[in-house]
file start_27.txt (compact mmCIF, C-alpha atoms)
# COMPACT_ATOMS: atom_id res chain seq x y z
CA MET A 1 119.39 115.49 102.58
CA LEU A 2 116.47 113.36 103.79
CA HIS A 3 116.90 109.58 103.68
CA THR A 4 113.93 107.26 103.92
CA VAL A 5 114.20 103.53 104.74
CA ASN A 6 111.17 101.29 104.23
CA LYS A 7 112.58 97.80 104.80
CA SER A 8 113.00 95.82 108.00
CA PRO A 9 116.70 95.84 108.97
CA PHE A 10 116.35 92.17 109.94
CA GLU A 11 115.51 91.27 106.38
CA LYS A 12 117.50 93.70 104.23
CA ASN A 13 120.63 95.74 104.79
CA SER A 14 119.08 99.05 103.60
CA LEU A 15 119.22 100.65 107.05
CA GLU A 16 122.80 99.53 107.65
CA THR A 17 123.99 100.92 104.33
CA CYS A 18 122.02 104.12 104.82
CA LEU A 19 123.58 104.63 108.26
CA ARG A 20 127.04 103.99 106.81
CA LEU A 21 126.65 106.42 103.90
CA ALA A 22 124.45 109.21 105.23
CA GLU A 23 126.44 112.41 105.71
CA ASP A 24 126.49 114.51 108.90
CA ASN A 25 123.50 116.78 109.55
CA SER A 26 121.22 114.77 107.31
CA SER A 27 117.92 113.24 108.40
CA ILE A 28 116.75 109.63 108.30
CA LEU A 29 113.05 108.82 108.31
CA LEU A 30 111.99 105.20 108.96
CA ILE A 31 108.71 104.26 107.26
CA GLU A 32 106.68 101.07 106.64
CA ASP A 33 108.69 97.99 107.76
CA GLY A 34 111.66 100.33 108.24
CA VAL A 35 110.17 101.40 111.60
CA TYR A 36 111.40 98.13 113.13
CA GLY A 37 114.90 99.62 112.93
CA ALA A 38 113.97 102.05 115.74
CA LEU A 39 113.28 99.27 118.27
CA GLN A 40 115.19 99.02 121.52
CA ASN A 41 117.25 95.95 122.43
CA THR A 42 118.21 94.85 118.94
CA SER A 43 121.60 94.44 117.28
CA PHE A 44 120.98 97.72 115.40
CA GLU A 45 120.46 99.82 118.53
CA SER A 46 124.14 100.73 118.98
CA SER A 47 124.63 101.85 115.38
CA ILE A 48 121.48 103.99 115.55
CA ILE A 49 122.61 105.61 118.81
CA ASN A 50 126.02 106.21 117.29
CA ALA A 51 124.48 107.79 114.19
CA GLN A 52 122.33 110.07 116.35
CA LYS A 53 125.46 112.07 117.27
CA THR A 54 125.38 113.65 113.82
CA ILE A 55 122.10 112.59 112.20
CA LYS A 56 118.48 113.26 113.14
CA LEU A 57 116.23 110.18 113.24
CA TYR A 58 112.47 110.13 112.63
CA VAL A 59 109.79 107.43 112.40
CA LEU A 60 106.40 107.72 110.74
CA GLY A 61 103.72 107.45 113.47
CA PRO A 62 100.94 105.77 111.45
CA ASP A 63 103.33 102.97 110.37
CA LEU A 64 104.46 102.54 113.97
CA LYS A 65 100.87 102.34 115.22
CA ALA A 66 99.91 99.80 112.54
CA ARG A 67 102.64 97.51 113.86
CA GLY A 68 101.53 97.74 117.49
CA LEU A 69 104.51 99.87 118.50
CA ASP A 70 104.79 103.20 120.29
CA LYS A 71 107.33 105.53 121.88
CA SER A 72 107.95 103.11 124.75
CA SER A 73 109.36 100.49 122.34
CA LEU A 74 111.78 102.89 120.67
CA ILE A 75 115.35 104.08 121.13
CA SER A 76 115.22 107.55 122.72
CA ASN A 77 115.47 110.83 120.79
CA ILE A 78 113.75 109.47 117.71
CA ASP A 79 110.94 111.83 116.70
CA ILE A 80 107.57 110.31 115.83
CA ILE A 81 106.01 112.33 113.02
CA ASP A 82 102.73 112.32 111.07
CA TYR A 83 102.08 112.59 107.32
CA LYS A 84 102.04 116.41 107.38
CA GLU A 85 105.45 116.55 109.02
CA PHE A 86 106.70 113.98 106.51
CA VAL A 87 105.71 116.36 103.71
CA LYS A 88 107.35 119.24 105.56
CA LEU A 89 110.61 117.26 105.87
CA THR A 90 110.68 116.50 102.15
CA VAL A 91 110.16 120.19 101.36
CA GLU A 92 112.77 121.41 103.83
CA ASN A 93 115.45 119.12 102.46
CA ASP A 94 117.08 119.84 99.14
CA LYS A 95 117.13 116.17 98.19
CA VAL A 96 115.43 112.92 99.19
CA GLN A 97 117.07 109.54 98.90
CA ASN A 98 114.83 106.49 99.25
CA TRP A 99 116.64 103.35 100.43
CA LEU A 100 114.46 100.53 99.14
CA MET B 1 75.42 94.27 89.73
CA PRO B 2 74.49 97.23 91.91
CA ILE B 3 71.42 97.05 94.17
CA GLU B 4 69.09 100.04 94.38
CA VAL B 5 67.62 100.82 97.82
CA ASN B 6 65.84 104.05 98.77
CA GLY B 7 67.20 105.70 95.64
CA LYS B 8 70.76 104.77 96.62
CA SER B 9 72.96 102.46 94.61
CA PHE B 10 75.10 99.82 96.33
CA GLU B 11 77.96 98.17 94.44
CA THR B 12 78.19 94.37 94.86
CA ASP B 13 80.52 91.66 93.60
CA GLU B 14 79.47 89.02 91.06
CA GLU B 15 77.94 86.87 93.81
CA GLY B 16 75.90 89.68 95.31
CA TYR B 17 78.12 90.50 98.30
CA LEU B 18 78.39 94.18 99.19
CA ALA B 19 81.59 95.67 97.75
CA ASN B 20 82.12 98.32 100.40
CA LEU B 21 81.52 97.13 103.96
CA GLY B 22 81.12 100.64 105.30
CA GLU B 23 78.09 101.36 103.11
CA TRP B 24 75.87 98.76 104.80
CA GLU B 25 72.51 99.76 106.19
CA LYS B 26 69.49 97.87 107.52
CA ASP B 27 67.30 98.62 104.52
CA LEU B 28 69.90 97.07 102.26
CA ALA B 29 69.77 93.82 104.27
CA THR B 30 65.97 93.86 104.05
CA ALA B 31 66.13 94.36 100.29
CA MET B 32 68.72 91.58 99.77
CA ALA B 33 66.60 89.22 101.86
CA LYS B 34 63.45 90.08 99.93
CA GLU B 35 65.25 89.18 96.71
CA ASP B 36 65.95 85.75 98.24
CA GLY B 37 62.32 85.46 99.34
CA ILE B 38 62.97 86.04 103.04
CA ASP B 39 61.12 88.43 105.30
CA LEU B 40 63.63 89.37 108.03
CA GLY B 41 62.36 88.87 111.59
CA ASP B 42 63.99 89.35 115.00
CA ASP B 43 65.66 85.94 114.80
CA HIS B 44 67.30 86.84 111.49
CA TRP B 45 68.46 90.20 112.82
CA GLU B 46 69.95 88.55 115.88
CA ILE B 47 72.24 86.49 113.63
CA ILE B 48 72.96 89.37 111.25
CA ASN B 49 73.95 91.63 114.15
CA PHE B 50 75.99 88.82 115.64
CA LEU B 51 77.89 88.48 112.37
CA ARG B 52 78.59 92.20 112.13
CA GLU B 53 79.99 92.20 115.67
CA TYR B 54 82.01 89.09 114.90
CA TYR B 55 83.52 90.77 111.85
CA GLU B 56 84.31 93.92 113.80
CA GLU B 57 86.21 91.85 116.36
CA TYR B 58 87.99 89.30 114.14
CA GLN B 59 87.96 90.87 110.66
CA ILE B 60 86.65 87.70 109.02
CA ALA B 61 83.31 86.35 107.90
CA PRO B 62 83.23 82.98 109.69
CA ALA B 63 82.76 79.67 107.88
CA VAL B 64 79.44 78.00 108.72
CA ARG B 65 81.06 75.48 111.08
CA VAL B 66 82.72 78.30 113.01
CA LEU B 67 79.59 80.44 112.98
CA THR B 68 77.50 77.62 114.44
CA LYS B 69 79.97 77.12 117.26
CA ALA B 70 80.25 80.84 118.00
CA VAL B 71 76.47 81.36 117.97
CA GLY B 72 76.12 78.45 120.39
CA LYS B 73 78.58 80.07 122.74
CA LYS B 74 76.94 83.49 122.63
CA LEU B 75 73.22 82.75 122.15
CA GLY B 76 72.82 79.22 123.48
CA LYS B 77 72.76 75.67 122.14
CA ASP B 78 69.18 75.90 120.80
CA LYS B 79 70.45 78.53 118.32
CA GLY B 80 73.98 77.25 117.80
CA ASN B 81 72.99 74.33 115.57
CA SER B 82 72.72 73.87 111.81
CA LYS B 83 69.00 73.10 111.84
CA TYR B 84 68.06 76.40 113.48
CA LEU B 85 70.44 78.43 111.31
CA TYR B 86 69.46 76.73 108.04
CA GLU B 87 65.77 77.34 108.79
CA LEU B 88 66.54 81.06 109.06
CA PHE B 89 68.92 81.15 106.09
CA PRO B 90 68.06 78.27 103.75
CA TYR B 91 70.87 79.07 101.27
CA GLY B 92 73.41 78.48 104.02
CA PRO B 93 73.80 80.49 107.22
CA GLY B 94 77.39 81.33 106.40
CA LYS B 95 76.91 82.53 102.84
CA GLN B 96 73.45 84.05 103.03
CA ALA B 97 73.58 85.68 106.46
CA CYS B 98 77.01 87.13 105.71
CA LYS B 99 75.63 88.61 102.50
CA PHE B 100 72.72 90.27 104.30
CA ALA B 101 75.14 91.55 106.96
CA GLY B 102 77.22 93.25 104.27
CA LEU B 103 80.25 91.04 104.88
CA PRO B 104 82.38 89.31 102.27
CA LYS B 105 81.82 85.64 101.45
CA PRO B 106 82.98 83.55 104.42
CA THR B 107 86.65 82.62 104.54
CA GLY B 108 87.09 78.87 104.43
CA CYS B 109 83.86 78.38 102.55
CA VAL B 110 84.84 76.23 99.57
CA MET C 1 79.70 70.12 102.01
CA GLU C 2 82.49 69.33 104.39
CA ASP C 3 81.67 65.63 104.23
CA GLU C 4 82.40 65.56 100.50
CA LEU C 5 85.87 66.88 101.16
CA GLU C 6 86.56 64.32 103.82
CA THR C 7 89.21 61.92 102.62
CA GLY C 8 90.11 60.48 105.97
CA VAL C 9 93.78 61.30 105.48
CA VAL C 10 95.11 63.64 108.14
CA LYS C 11 98.54 65.13 107.57
CA LYS C 12 100.72 67.32 109.73
CA PHE C 13 100.77 70.75 108.10
CA LEU C 14 103.24 73.42 109.15
CA TYR C 15 102.85 77.00 107.94
CA VAL C 16 106.11 78.92 108.35
CA ASN C 17 105.72 82.71 108.69
CA ARG C 18 108.91 84.73 108.23
CA ARG C 19 107.70 88.16 107.08
CA ALA C 20 106.66 91.29 108.93
CA PRO C 21 102.99 92.26 108.53
CA HIS C 22 101.74 95.28 106.50
CA GLY C 23 104.89 96.01 104.45
CA THR C 24 104.18 93.07 102.13
CA VAL C 25 101.15 90.81 101.59
CA TYR C 26 102.80 87.57 102.75
CA ALA C 27 101.43 87.57 106.31
CA HIS C 28 97.85 88.27 105.30
CA GLU C 29 97.95 85.78 102.42
CA ALA C 30 99.32 83.08 104.73
CA LEU C 31 96.37 83.62 107.07
CA GLU C 32 93.92 83.26 104.20
CA VAL C 33 95.52 79.97 103.21
CA VAL C 34 95.45 78.73 106.81
CA LEU C 35 91.75 79.58 107.20
CA ILE C 36 90.79 77.97 103.91
CA GLY C 37 92.90 74.92 104.75
CA ALA C 38 91.17 74.66 108.13
CA ALA C 39 88.04 73.37 106.39
CA PHE C 40 89.92 70.17 105.52
CA ASP C 41 90.37 68.99 109.11
CA GLN C 42 94.13 68.58 108.99
CA ASP C 43 96.63 68.71 111.83
CA VAL C 44 97.79 72.31 111.52
CA SER C 45 100.67 74.12 113.21
CA LEU C 46 101.94 77.64 112.63
CA ALA C 47 105.54 78.67 113.15
CA PHE C 48 106.67 82.28 113.51
CA ILE C 49 110.35 82.93 112.93
CA ASP C 50 112.49 85.90 111.87
CA ASP C 51 110.32 88.99 111.14
CA GLY C 52 107.27 86.71 111.25
CA VAL C 53 107.16 87.22 115.02
CA PHE C 54 106.10 90.85 114.38
CA GLN C 55 102.81 89.51 112.98
CA LEU C 56 101.73 88.62 116.51
CA LYS C 57 102.63 91.96 118.13
CA LYS C 58 99.85 93.26 120.39
CA ASN C 59 97.85 96.46 119.75
CA GLN C 60 98.28 96.74 115.99
CA ASP C 61 96.11 99.56 114.69
CA THR C 62 96.06 100.15 110.93
CA SER C 63 93.46 102.93 110.95
CA GLU C 64 96.04 105.52 109.90
CA ILE C 65 97.58 103.51 107.06
CA TYR C 66 94.12 102.69 105.69
CA THR C 67 94.56 98.93 105.37
CA LYS C 68 92.63 96.04 106.89
CA ASN C 69 93.71 95.22 110.43
CA PHE C 70 94.15 91.51 109.78
CA SER C 71 96.08 91.08 113.06
CA LYS C 72 92.67 90.54 114.67
CA ILE C 73 92.30 87.31 112.69
CA TYR C 74 94.99 85.58 114.77
CA SER C 75 92.53 85.63 117.71
CA ALA C 76 89.97 83.77 115.58
CA LEU C 77 92.32 80.90 114.64
CA GLU C 78 91.33 78.98 117.74
CA MET C 79 87.71 78.85 116.52
CA TYR C 80 89.00 77.28 113.30
CA ASP C 81 90.72 74.64 115.45
CA VAL C 82 94.12 76.08 114.65
CA GLU C 83 95.57 76.03 118.12
CA LYS C 84 99.23 75.21 117.76
CA LEU C 85 101.22 78.41 117.36
CA TYR C 86 104.98 78.26 117.83
CA VAL C 87 107.31 81.24 118.11
CA GLU C 88 111.07 80.89 117.90
CA LYS C 89 112.67 82.32 121.01
CA GLU C 90 115.80 83.53 119.23
CA SER C 91 113.78 85.50 116.66
CA LEU C 92 111.66 87.09 119.39
CA HIS C 93 114.59 88.14 121.55
CA SER C 94 116.78 89.50 118.78
CA ARG C 95 113.90 91.88 117.96
CA GLY C 96 113.68 93.21 121.51
CA LEU C 97 110.37 91.43 122.12
CA THR C 98 109.13 89.08 124.84
CA GLU C 99 106.14 86.75 125.07
CA ASP C 100 104.21 89.54 126.84
CA ASP C 101 104.32 91.60 123.63
CA LEU C 102 102.24 89.00 121.77
CA SER C 103 98.48 89.18 121.18
CA VAL C 104 97.65 85.47 121.36
CA ASP C 105 98.68 82.38 123.30
CA VAL C 106 101.73 80.79 121.75
CA LYS C 107 104.40 78.31 122.65
CA VAL C 108 107.84 79.89 122.64
CA ILE C 109 110.41 77.30 121.58
CA ASP C 110 114.13 77.44 120.84
CA SER C 111 115.81 76.73 117.50
CA SER C 112 116.48 73.07 118.22
CA GLU C 113 112.81 72.50 119.06
CA MET C 114 111.83 74.43 115.91
CA LYS C 115 114.12 72.20 113.89
CA LYS C 116 112.37 69.16 115.29
CA LEU C 117 108.91 70.65 114.62
CA MET C 118 109.88 71.12 111.00
CA SER C 119 111.28 67.65 110.53
CA ASP C 120 108.21 66.11 112.22
CA SER C 121 105.85 67.89 109.81
CA GLU C 122 104.68 66.23 106.61
CA VAL C 123 103.77 69.33 104.60
CA VAL C 124 105.69 72.56 105.15
CA LEU C 125 104.53 75.79 103.52
CA ASN C 126 106.62 78.97 103.71
CA PHE C 127 105.33 82.52 103.59

call {"tool": "encode", "arguments": {"input": "start_27.txt", "output": "structure tokens"}}
result
Amino acid sequence: MLHTVNKSPFEKNSLETCLRLAEDNSSILLIEDGVYGALQNTSFESSIINAQKTIKLYVLGPDLKARGLDKSSLISNIDIIDYKEFVKLTVENDKVQNWL
Amino acid sequence: MPIEVNGKSFETDEEGYLANLGEWEKDLATAMAKEDGIDLGDDHWEIINFLREYYEEYQIAPAVRVLTKAVGKKLGKDKGNSKYLYELFPYGPGKQACKFAGLPKPTGCV
Amino acid sequence: MEDELETGVVKKFLYVNRRAPHGTVYAHEALEVVLIGAAFDQDVSLAFIDDGVFQLKKNQDTSEIYTKNFSKIYSALEMYDVEKLYVEKESLHSRGLTEDDLSVDVKVIDSSEMKKLMSDSEVVLNF
């Protein structure tokens, strides 16, 4: 399953709940204000790193760029993808769950 | 109402400002000016080009007060004053020059 | 035109920005209000707290999400005589950011100073 999160974790608990309920071997894609969840040195960093043991994390590059962020600001091993790869992910996964 | 220039149609808002910034071209500015009874000379173009650069950098059409100050900084005090700018653009340097430059109506212009 | 609007009364305005840019319209709308308000010659301060600090992040480039890059407007505020920008230190640090990450000159203040700024203001508008 592919999970998308589009809200800032500092404002809503969508990312937290998603991390708590996403099953092993699923994928989480952070889009729009959700990309802030991938930042280093925040209170969410440890739960993301913990989740990475079993879950693959992605962020949408154009949303990252719009917010003045790049790879250097992010927790390691999070893949930055473009729109085409976003489409590919949705096709590859049997289901998509959007955490709003 | 759309403006026709060189067989091309340009969409504008109800006050005559160009709807799509990216469509702007020099002939359109010339045509808009002609409609207002102004024949664009080098001095007009200097301000129009200044405004386009200003918009590119700050993403806003400056209010007249801000424009005057910014022109003064860039082009000198003899141009950065209301008298000079109003002589070039009698309907208001903010409103009219921004319109010719293809920008929206100035922000902070009440 | 500006003379007609002159009432002689100058109040301390504080615009409080608490939302991230781009995901919602709050940040951009707040800027519009600030710029329009600037014509009235008031004593204006801007506060950035919570996700609002993300509004000032350097190097924002919206070309790939096809929206207006209004982050450039923050650099023009000075020309509108809006020069007092305050960022709450706690909000900045909890988001892994430092003052060096910001695109414009600001004053970084702590929560107790922010509290004082708010109570010293006469009109407080939240976005």

call {"tool": "residues_around", "arguments": {"input": "start_27.txt", "residues": "Leu28 (chain B)", "least_positions_apart": "4", "cutoff": "12 Å", "atoms": "all atoms listed in the file", "output": "list in words"}}
result
Pro2, Ile3, Glu4, Val5, Asn6, Gly7, Lys8, Ser9, Phe10, Glu11, Thr12, Gly16, Tyr17, Leu18, Leu21, Glu23, Trp24, Met32, Ala33, Lys34, Glu35, Leu40, Lys99, Phe100, Ala101 and Gly102 of chain B

call {"tool": "interface_residues", "arguments": {"input": "start_27.txt", "of": "chain C", "to": "chain B", "cutoff": "6 Å", "atoms": "only C-alpha atoms", "output": "ChimeraX atom specification"}}
result
/C:35-36,39,72-73

call {"tool": "closest_atom_pairs", "arguments": {"input": "start_27.txt", "of": "chain A", "to": "chain C", "cutoff": "12 Å", "atoms": "only C-alpha atoms", "output": "tab-separated table"}}
result
residue	atom	partner	partner_atom	distance
A:Val5	CA	C:Gly23	CA	12.0
A:Asn6	CA	C:Gly23	CA	8.2
A:Lys7	CA	C:Gly23	CA	7.9
A:Ser8	CA	C:Ala20	CA	7.8
A:Pro9	CA	C:Asp51	CA	9.6
A:Phe10	CA	C:Asp51	CA	6.9
A:Glu11	CA	C:Asp51	CA	7.4
A:Lys12	CA	C:Asp51	CA	11.0
A:Ile31	CA	C:Gly23	CA	9.5
A:Glu32	CA	C:Gly23	CA	5.8
A:Asp33	CA	C:Gly23	CA	5.4
A:Gly34	CA	C:Gly23	CA	8.9
A:Val35	CA	C:Gly23	CA	10.4
A:Tyr36	CA	C:Arg95	CA	8.3
A:Gly37	CA	C:Arg95	CA	9.3
A:Ala38	CA	C:Arg95	CA	10.4
A:Leu39	CA	C:Gly96	CA	6.9
A:Gln40	CA	C:Gly96	CA	6.0
A:Asn41	CA	C:Gly96	CA	4.6
A:Thr42	CA	C:Arg95	CA	5.3
A:Ser43	CA	C:Ser94	CA	7.1
A:Phe44	CA	C:Arg95	CA	9.5
A:Glu45	CA	C:Gly96	CA	9.9
A:Leu60	CA	C:Ile65	CA	10.4
A:Gly61	CA	C:Glu64	CA	8.7
A:Pro62	CA	C:Glu64	CA	5.1
A:Asp63	CA	C:Ile65	CA	6.7
A:Leu64	CA	C:Gln60	CA	8.7
A:Lys65	CA	C:Asp61	CA	5.5
A:Ala66	CA	C:Thr62	CA	4.2
A:Arg67	CA	C:Gln60	CA	4.9
A:Gly68	CA	C:Gln60	CA	3.7
A:Leu69	CA	C:Gln60	CA	7.4
A:Asp70	CA	C:Asn59	CA	9.7
A:Ser72	CA	C:Gly96	CA	11.9
A:Ser73	CA	C:Gly96	CA	8.5
A:Leu74	CA	C:Gly96	CA	9.9
A:Ile75	CA	C:Gly96	CA	11.0
A:Asp82	CA	C:Glu64	CA	9.6
A:Tyr83	CA	C:Glu64	CA	9.7
A:Leu100	CA	C:Gly23	CA	11.8

call {"tool": "atom_distance", "arguments": {"input": "start_27.txt", "atom1": "CA of Asn17 (chain C)", "atom2": "CA of Ala76 (chain C)"}}
result
17.2 Å

call {"tool": "atom_distance", "arguments": {"input": "start_27.txt", "atom1": "CA of Asn126 (chain C)", "atom2": "CA of Ser14 (chain A)"}}
result
23.6 Å

call {"tool": "atom_distance", "arguments": {"input": "start_27.txt", "atom1": "CA of Lys88 (chain A)", "atom2": "CA of Glu23 (chain A)"}}
result
20.3 Å

call {"tool": "residues_around", "arguments": {"input": "start_27.txt", "residues": "Gly37 (chain B)", "least_positions_apart": "6", "cutoff": "12 Å", "atoms": "only C-alpha atoms", "output": "ChimeraX atom specification"}}
result
/B:30-31,88-91,96

call {"tool": "residues_around", "arguments": {"input": "start_27.txt", "residues": "Leu125 (chain C)", "least_positions_apart": "5", "cutoff": "9 Å", "atoms": "only C-alpha atoms", "output": "count of residues only"}}
result
5

call {"tool": "axis_aligned_box", "arguments": {"input": "start_27.txt", "around": "region 6-21 of chain B", "padding_each_side": "5 Å", "output": "lines of an AutoDock Vina configuration file"}}
result
center_x = 74.0
center_y = 96.3
center_z = 97.5
size_x = 26.3
size_y = 28.8
size_z = 22.9

call {"tool": "closest_residue", "arguments": {"input": "start_27.txt", "among": "B:Asn20, B:Met1, B:Leu103, B:Asp39", "to": "Glu53 (chain B)", "atoms": "all atoms listed in the file"}}
result
B:Leu103

call {"tool": "decode", "arguments": {"input": "start_27.txt", "residues": "region 12-86 of chain A", "atoms": "C-alpha atoms", "output": "PDB file, in the first residue's frame"}}
result
ATOM      1  CA  LYS A  12      -1.806  18.074  12.283  1.00  0.00           C
ATOM      2  CA  ASN A  13      -1.189  14.557  13.521  1.00  0.00           C
ATOM      3  CA  SER A  14      -1.687  12.918  10.085  1.00  0.00           C
ATOM      4  CA  LEU A  15       1.957  11.846   9.794  1.00  0.00           C
ATOM      5  CA  GLU A  16       2.058  10.477  13.342  1.00  0.00           C
ATOM      6  CA  THR A  17      -1.078   8.407  12.825  1.00  0.00           C
ATOM      7  CA  CYS A  18       0.100   7.236   9.419  1.00  0.00           C
ATOM      8  CA  LEU A  19       3.427   6.099  10.891  1.00  0.00           C
ATOM      9  CA  ARG A  20       1.600   4.295  13.697  1.00  0.00           C
ATOM     10  CA  LEU A  21      -0.826   2.458  11.398  1.00  0.00           C
ATOM     11  CA  ALA A  22       1.133   1.807   8.205  1.00  0.00           C
ATOM     12  CA  GLU A  23       1.954  -1.887   7.842  1.00  0.00           C
ATOM     13  CA  ASP A  24       5.430  -3.296   7.126  1.00  0.00           C
ATOM     14  CA  ASN A  25       6.703  -3.093   3.549  1.00  0.00           C
ATOM     15  CA  SER A  26       4.373  -0.259   2.653  1.00  0.00           C
ATOM     16  CA  SER A  27       5.472   3.090   1.252  1.00  0.00           C
ATOM     17  CA  ILE A  28       4.879   6.604   2.566  1.00  0.00           C
ATOM     18  CA  LEU A  29       5.076   9.576   0.233  1.00  0.00           C
ATOM     19  CA  LEU A  30       5.211  13.078   1.755  1.00  0.00           C
ATOM     20  CA  ILE A  31       3.669  15.760  -0.465  1.00  0.00           C
ATOM     21  CA  GLU A  32       2.705  19.459  -0.161  1.00  0.00           C
ATOM     22  CA  ASP A  33       3.122  20.630   3.474  1.00  0.00           C
ATOM     23  CA  GLY A  34       3.728  16.985   4.394  1.00  0.00           C
ATOM     24  CA  VAL A  35       7.331  17.347   3.162  1.00  0.00           C
ATOM     25  CA  TYR A  36       8.195  19.189   6.391  1.00  0.00           C
ATOM     26  CA  GLY A  37       7.941  15.811   8.115  1.00  0.00           C
ATOM     27  CA  ALA A  38      11.180  14.741   6.384  1.00  0.00           C
ATOM     28  CA  LEU A  39      13.271  17.500   8.012  1.00  0.00           C
ATOM     29  CA  GLN A  40      16.257  16.713  10.185  1.00  0.00           C
ATOM     30  CA  ASN A  41      16.471  17.834  13.818  1.00  0.00           C
ATOM     31  CA  THR A  42      12.775  17.820  14.635  1.00  0.00           C
ATOM     32  CA  SER A  43      10.785  15.858  17.202  1.00  0.00           C
ATOM     33  CA  PHE A  44       9.529  13.590  14.380  1.00  0.00           C
ATOM     34  CA  GLU A  45      12.996  12.533  13.223  1.00  0.00           C
ATOM     35  CA  SER A  46      13.270   9.535  15.557  1.00  0.00           C
ATOM     36  CA  SER A  47       9.872   8.096  14.636  1.00  0.00           C
ATOM     37  CA  ILE A  48      10.670   8.464  10.926  1.00  0.00           C
ATOM     38  CA  ILE A  49      14.043   6.737  11.347  1.00  0.00           C
ATOM     39  CA  ASN A  50      12.354   4.000  13.336  1.00  0.00           C
ATOM     40  CA  ALA A  51       9.701   3.537  10.647  1.00  0.00           C
ATOM     41  CA  GLN A  52      12.386   3.302   7.953  1.00  0.00           C
ATOM     42  CA  LYS A  53      13.340  -0.150   9.279  1.00  0.00           C
ATOM     43  CA  THR A  54      10.222  -1.571   7.648  1.00  0.00           C
ATOM     44  CA  ILE A  55       8.740   1.212   5.515  1.00  0.00           C
ATOM     45  CA  LYS A  56      10.087   3.062   2.476  1.00  0.00           C
ATOM     46  CA  LEU A  57       9.872   6.867   2.673  1.00  0.00           C
ATOM     47  CA  TYR A  58       9.586   9.249  -0.291  1.00  0.00           C
ATOM     48  CA  VAL A  59       9.146  13.014  -0.714  1.00  0.00           C
ATOM     49  CA  LEU A  60       7.853  14.827  -3.783  1.00  0.00           C
ATOM     50  CA  GLY A  61      10.723  16.928  -5.205  1.00  0.00           C
ATOM     51  CA  PRO A  62       8.706  19.845  -6.648  1.00  0.00           C
ATOM     52  CA  ASP A  63       6.978  20.391  -3.267  1.00  0.00           C
ATOM     53  CA  LEU A  64      10.347  20.271  -1.516  1.00  0.00           C
ATOM     54  CA  LYS A  65      11.850  22.799  -3.941  1.00  0.00           C
ATOM     55  CA  ALA A  66       8.875  25.164  -3.564  1.00  0.00           C
ATOM     56  CA  ARG A  67       9.565  25.291   0.173  1.00  0.00           C
ATOM     57  CA  GLY A  68      13.264  26.087  -0.202  1.00  0.00           C
ATOM     58  CA  LEU A  69      14.347  22.627   0.948  1.00  0.00           C
ATOM     59  CA  ASP A  70      16.633  20.017  -0.598  1.00  0.00           C
ATOM     60  CA  LYS A  71      18.359  16.728   0.184  1.00  0.00           C
ATOM     61  CA  SER A  72      20.727  18.407   2.648  1.00  0.00           C
ATOM     62  CA  SER A  73      17.808  19.348   4.938  1.00  0.00           C
ATOM     63  CA  LEU A  74      16.349  15.842   5.030  1.00  0.00           C
ATOM     64  CA  ILE A  75      16.697  12.696   7.111  1.00  0.00           C
ATOM     65  CA  SER A  76      18.839  10.229   5.147  1.00  0.00           C
ATOM     66  CA  ASN A  77      17.464   7.405   2.983  1.00  0.00           C
ATOM     67  CA  ILE A  78      14.354   9.312   1.970  1.00  0.00           C
ATOM     68  CA  ASP A  79      13.993   9.211  -1.817  1.00  0.00           C
ATOM     69  CA  ILE A  80      13.187  12.457  -3.615  1.00  0.00           C
ATOM     70  CA  ILE A  81      10.891  11.690  -6.540  1.00  0.00           C
ATOM     71  CA  ASP A  82       9.254  13.637  -9.383  1.00  0.00           C
ATOM     72  CA  TYR A  83       5.667  13.569 -10.694  1.00  0.00           C
ATOM     73  CA  LYS A  84       6.361  10.669 -13.072  1.00  0.00           C
ATOM     74  CA  GLU A  85       7.706   8.509 -10.259  1.00  0.00           C
ATOM     75  CA  PHE A  86       4.700   9.511  -8.140  1.00  0.00           C
TER      76      PHE A  86
END
